[in-house]
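Structure record follows, encoded as structure tokens.
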Amino acid sequence: MGLASRLAGQLARPRGLAGRLIGNAMDVANRRPTRIALDLLDAQPGERVLDVGCGTGATLSMLLGRTAVEAWGLDPSHTMIAAARKRLRGRARLLEASIESLDLAGGMFDAALALNVLYFEDWDAAMVRRMHRLLRPGGRLVAYVTSRATMENWAFARAGTHRLFDAGELAQALAAGGFAPGQIQVHQQPITSSVQGLVALAVKQG
């Protein structure tokens, strides 16, 4: 297995020392996308918010620093959940599971974040459908991915583990998961001089 494939595998599910190092590196790289996503989410005090693929808990920590929400985090990686527990120290409810396997009541979240996780979405939209079900009517999902045009230049993104998106493809993935097309907004955002990101807001119809 080549270096690009190993990196892609660690990004999909970080594990061990290498996974912890990658998680820390991603926290630094994702500071601007996280701020953009949280601005768009505009969480209100008392809302119940789910971070899907919460990683080391950096996004939840930033969210809790802004607003007094009921924070939940979800990640299938034991390495990432352990790091998140250490960072958050009981300030969020953390679950080691994938969104597809999560056994929670529908409609229990006011909002959800899906930052850098839709790369691993199946073509049947199981991940987005699950997030849609967990949101209450009027609940909102904010998703972030790095754009296809940028990621096609990165070797690990050609290893077969990552699904790539342009703006239209991201909107289509959200619609396939149950969000009405008229309730989906996708914006292109410059992250650095060489990296373009896509941030989406999707609202569940009442």
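Identifiers for the structure tokens are assigned positionally: chains receive A, B, ... in sequence, residues are indexed from 1 per chain, and ligands are indexed from 1 in the order shown.
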
If you run DSSP on the backbone here, which positions in segment 40-189 of chain A get alpha helix (DSSP H)? Please write them as a PyMOL selection string.
chain A and resi 40-41+58-66+78-88+126-134+148-151+167-176

Non-local contacts of segment 170-180 of chain A (12 Å; only C-alpha atoms; under 4 positions in same chain excluded) as number ranges by chain
A: 114, 118-135, 137-148, 163-166, 184-188, 197-206

Could those selected residues go to a file with N, CA and C atoms, as a compact mmCIF listing (two decimals), in the first residue's frame?
# COMPACT_ATOMS: atom_id res chain seq x y z
N ALA A 114 -21.57 18.57 9.61
CA ALA A 114 -20.92 17.47 8.90
C ALA A 114 -19.72 18.06 8.15
N LEU A 118 -18.51 14.09 4.33
CA LEU A 118 -19.28 13.60 3.19
C LEU A 118 -18.42 12.96 2.11
N TYR A 119 -17.10 13.09 2.22
CA TYR A 119 -16.22 12.35 1.32
C TYR A 119 -16.48 10.85 1.42
N PHE A 120 -16.99 10.42 2.55
CA PHE A 120 -17.17 8.99 2.82
C PHE A 120 -18.63 8.57 2.71
N GLU A 121 -19.44 9.41 2.08
CA GLU A 121 -20.85 9.12 1.86
C GLU A 121 -21.02 8.11 0.73
N ASP A 122 -21.86 7.10 0.96
CA ASP A 122 -22.18 6.14 -0.10
C ASP A 122 -23.07 6.81 -1.14
N TRP A 123 -23.13 6.22 -2.31
CA TRP A 123 -23.95 6.79 -3.38
C TRP A 123 -25.43 6.66 -3.09
N ASP A 124 -25.83 5.80 -2.13
CA ASP A 124 -27.24 5.71 -1.76
C ASP A 124 -27.64 6.77 -0.74
N ALA A 125 -26.72 7.66 -0.36
CA ALA A 125 -26.99 8.80 0.53
C ALA A 125 -27.40 8.38 1.93
N ALA A 126 -26.93 7.21 2.39
CA ALA A 126 -27.32 6.73 3.71
C ALA A 126 -26.92 7.68 4.83
N MET A 127 -25.75 8.29 4.70
CA MET A 127 -25.27 9.19 5.75
C MET A 127 -26.16 10.43 5.85
N VAL A 128 -26.44 11.04 4.72
CA VAL A 128 -27.26 12.25 4.73
C VAL A 128 -28.70 11.91 5.14
N ARG A 129 -29.23 10.80 4.68
CA ARG A 129 -30.59 10.41 5.07
C ARG A 129 -30.69 10.25 6.58
N ARG A 130 -29.65 9.69 7.19
CA ARG A 130 -29.67 9.52 8.64
C ARG A 130 -29.63 10.87 9.35
N MET A 131 -28.81 11.77 8.87
CA MET A 131 -28.75 13.10 9.47
C MET A 131 -30.08 13.82 9.31
N HIS A 132 -30.68 13.68 8.14
CA HIS A 132 -31.98 14.30 7.89
C HIS A 132 -33.02 13.77 8.88
N ARG A 133 -33.03 12.48 9.13
CA ARG A 133 -34.00 11.89 10.04
C ARG A 133 -33.81 12.38 11.47
N LEU A 134 -32.57 12.61 11.87
CA LEU A 134 -32.28 13.02 13.25
C LEU A 134 -32.65 14.47 13.52
N LEU A 135 -32.81 15.27 12.48
CA LEU A 135 -33.17 16.68 12.66
C LEU A 135 -34.67 16.84 12.86
N PRO A 137 -38.19 19.01 12.35
CA PRO A 137 -38.65 19.90 11.26
C PRO A 137 -38.15 21.33 11.49
N GLY A 138 -37.57 21.88 10.46
CA GLY A 138 -36.96 23.20 10.58
C GLY A 138 -35.51 23.14 11.04
N GLY A 139 -35.04 21.95 11.41
CA GLY A 139 -33.64 21.78 11.80
C GLY A 139 -32.72 21.95 10.60
N ARG A 140 -31.48 22.28 10.88
CA ARG A 140 -30.56 22.61 9.79
C ARG A 140 -29.26 21.80 9.88
N LEU A 141 -28.75 21.51 8.72
CA LEU A 141 -27.47 20.83 8.56
C LEU A 141 -26.50 21.77 7.87
N VAL A 142 -25.31 21.91 8.43
CA VAL A 142 -24.23 22.63 7.76
C VAL A 142 -23.13 21.62 7.43
N ALA A 143 -22.78 21.55 6.17
CA ALA A 143 -21.76 20.61 5.70
C ALA A 143 -20.63 21.37 5.02
N TYR A 144 -19.42 20.84 5.18
CA TYR A 144 -18.26 21.43 4.50
C TYR A 144 -17.46 20.32 3.82
N VAL A 145 -17.04 20.57 2.58
CA VAL A 145 -16.06 19.73 1.90
C VAL A 145 -15.10 20.65 1.14
N THR A 146 -13.90 20.18 0.93
CA THR A 146 -13.01 20.87 0.00
C THR A 146 -13.46 20.52 -1.41
N SER A 147 -13.40 21.48 -2.30
CA SER A 147 -13.98 21.32 -3.64
C SER A 147 -13.22 20.27 -4.46
N ARG A 148 -13.96 19.68 -5.40
CA ARG A 148 -13.37 18.71 -6.32
C ARG A 148 -12.15 19.29 -7.04
N ARG A 163 -15.04 10.50 -1.91
CA ARG A 163 -15.98 10.98 -2.92
C ARG A 163 -15.76 12.48 -3.07
N LEU A 164 -15.65 12.95 -4.29
CA LEU A 164 -15.35 14.36 -4.53
C LEU A 164 -16.61 15.09 -5.00
N PHE A 165 -16.63 16.40 -4.71
CA PHE A 165 -17.82 17.20 -4.99
C PHE A 165 -17.46 18.53 -5.63
N ASP A 166 -18.27 18.93 -6.61
CA ASP A 166 -18.37 20.35 -6.94
C ASP A 166 -19.66 20.86 -6.31
N ILE A 184 -31.77 24.06 0.12
CA ILE A 184 -30.33 23.79 0.10
C ILE A 184 -29.60 24.99 -0.51
N GLN A 185 -28.62 25.49 0.21
CA GLN A 185 -27.74 26.54 -0.31
C GLN A 185 -26.30 26.02 -0.27
N VAL A 186 -25.56 26.20 -1.34
CA VAL A 186 -24.15 25.81 -1.39
C VAL A 186 -23.35 27.04 -1.80
N HIS A 187 -22.31 27.34 -1.03
CA HIS A 187 -21.47 28.50 -1.29
C HIS A 187 -20.02 28.05 -1.46
N GLN A 188 -19.34 28.62 -2.41
CA GLN A 188 -17.90 28.39 -2.55
C GLN A 188 -17.16 29.39 -1.70
N GLY A 197 -13.13 25.79 -0.85
CA GLY A 197 -14.03 24.95 -0.09
C GLY A 197 -15.47 25.17 -0.50
N LEU A 198 -16.33 24.23 -0.13
CA LEU A 198 -17.76 24.33 -0.36
C LEU A 198 -18.46 24.17 0.99
N VAL A 199 -19.31 25.11 1.34
CA VAL A 199 -20.07 25.03 2.58
C VAL A 199 -21.55 25.08 2.21
N ALA A 200 -22.32 24.18 2.80
CA ALA A 200 -23.73 24.06 2.46
C ALA A 200 -24.59 24.20 3.70
N LEU A 201 -25.74 24.81 3.54
CA LEU A 201 -26.78 24.87 4.56
C LEU A 201 -28.02 24.22 3.99
N ALA A 202 -28.53 23.20 4.68
CA ALA A 202 -29.74 22.50 4.26
C ALA A 202 -30.71 22.50 5.44
N VAL A 203 -31.96 22.86 5.19
CA VAL A 203 -32.98 22.96 6.22
C VAL A 203 -34.03 21.88 5.99
N LYS A 204 -34.39 21.15 7.04
CA LYS A 204 -35.42 20.12 6.93
C LYS A 204 -36.80 20.75 6.94
N GLN A 205 -37.58 20.44 5.95
CA GLN A 205 -38.91 21.01 5.87
C GLN A 205 -39.81 20.54 6.98
N GLY A 206 -40.74 21.39 7.42
CA GLY A 206 -41.67 21.03 8.46
C GLY A 206 -42.76 20.09 7.96

Between A:Arg93, A:Gly53, A:Leu102, A:Met26, which has the minimum distance to His78 of chain A (counting only C-alpha atoms)?
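With only C-alpha atoms as the atom set, the closest residue is A:Gly53.
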
What is the distance between atom CA of Pro45 of chain A and atom CA of Phe109 of chain A, in Å to one decimal?
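Rounded to one decimal, the two atoms are 13.3 Å apart.
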
Give the strand (DSSP E or B) residues of chain A, as DSSP finds them on the backbone, and put them as a PyMOL selection string.
chain A and resi 48-52+70-75+93-96+109-115+135-146+184-190+196-203

Generate a file of the selected residues that holds C-alpha atoms, formatted as a JSON list (two decimals), in the first residue's frame.
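This is the output file part_7.json:
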[["chain", "number", "residue", "atom", "x", "y", "z"],
["A", 48, "ARG", "CA", -29.13, 20.44, 20.73],
["A", 49, "VAL", "CA", -26.37, 20.20, 18.13],
["A", 50, "LEU", "CA", -24.77, 17.04, 16.71],
["A", 51, "ASP", "CA", -21.25, 17.09, 15.23],
["A", 52, "VAL", "CA", -21.03, 14.14, 12.85],
["A", 70, "GLU", "CA", -26.34, 20.89, 24.30],
["A", 71, "ALA", "CA", -23.42, 19.45, 22.36],
["A", 72, "TRP", "CA", -23.19, 15.91, 20.99],
["A", 73, "GLY", "CA", -20.30, 14.42, 19.06],
["A", 74, "LEU", "CA", -20.11, 11.28, 16.99],
["A", 75, "ASP", "CA", -17.14, 9.52, 15.43],
["A", 93, "ARG", "CA", -21.98, 13.80, 24.98],
["A", 94, "LEU", "CA", -19.64, 11.73, 22.81],
["A", 95, "LEU", "CA", -20.53, 8.51, 21.00],
["A", 96, "GLU", "CA", -18.15, 6.11, 19.28],
["A", 109, "PHE", "CA", -31.54, 17.58, 17.08],
["A", 110, "ASP", "CA", -32.00, 21.23, 16.24],
["A", 111, "ALA", "CA", -28.88, 21.32, 14.10],
["A", 112, "ALA", "CA", -26.06, 19.14, 12.82],
["A", 113, "LEU", "CA", -22.56, 19.69, 11.50],
["A", 114, "ALA", "CA", -20.92, 17.47, 8.90],
["A", 115, "LEU", "CA", -17.46, 18.91, 8.30],
["A", 135, "LEU", "CA", -33.17, 16.68, 12.66],
["A", 136, "ARG", "CA", -36.44, 18.16, 13.85],
["A", 137, "PRO", "CA", -38.65, 19.90, 11.26],
["A", 138, "GLY", "CA", -36.96, 23.20, 10.58],
["A", 139, "GLY", "CA", -33.64, 21.78, 11.80],
["A", 140, "ARG", "CA", -30.56, 22.61, 9.79],
["A", 141, "LEU", "CA", -27.47, 20.83, 8.56],
["A", 142, "VAL", "CA", -24.23, 22.63, 7.76],
["A", 143, "ALA", "CA", -21.76, 20.61, 5.70],
["A", 144, "TYR", "CA", -18.26, 21.43, 4.50],
["A", 145, "VAL", "CA", -16.06, 19.73, 1.90],
["A", 146, "THR", "CA", -13.01, 20.87, 0.00],
["A", 184, "ILE", "CA", -30.33, 23.79, 0.10],
["A", 185, "GLN", "CA", -27.74, 26.54, -0.31],
["A", 186, "VAL", "CA", -24.15, 25.81, -1.39],
["A", 187, "HIS", "CA", -21.47, 28.50, -1.29],
["A", 188, "GLN", "CA", -17.90, 28.39, -2.55],
["A", 189, "GLN", "CA", -15.41, 29.73, -0.04],
["A", 190, "PRO", "CA", -11.69, 30.42, -0.51],
["A", 196, "GLN", "CA", -11.36, 26.26, -2.43],
["A", 197, "GLY", "CA", -14.03, 24.95, -0.09],
["A", 198, "LEU", "CA", -17.76, 24.33, -0.36],
["A", 199, "VAL", "CA", -20.07, 25.03, 2.58],
["A", 200, "ALA", "CA", -23.73, 24.06, 2.46],
["A", 201, "LEU", "CA", -26.78, 24.87, 4.56],
["A", 202, "ALA", "CA", -29.74, 22.50, 4.26],
["A", 203, "VAL", "CA", -32.98, 22.96, 6.22]]

Could you check how far atom CA of Leu88 of chain A sits from atom CA of Leu104 of chain A, in Å to one decimal?
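So the answer is 21.9 Å.
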
What lies within 9 Å of Ser61 of chain A using only C-alpha atoms, ignoring chain neighbours under 3 positions off, as an NGL selection string?
:A and (57-58 or 64-66 or 87-88 or 91-92)
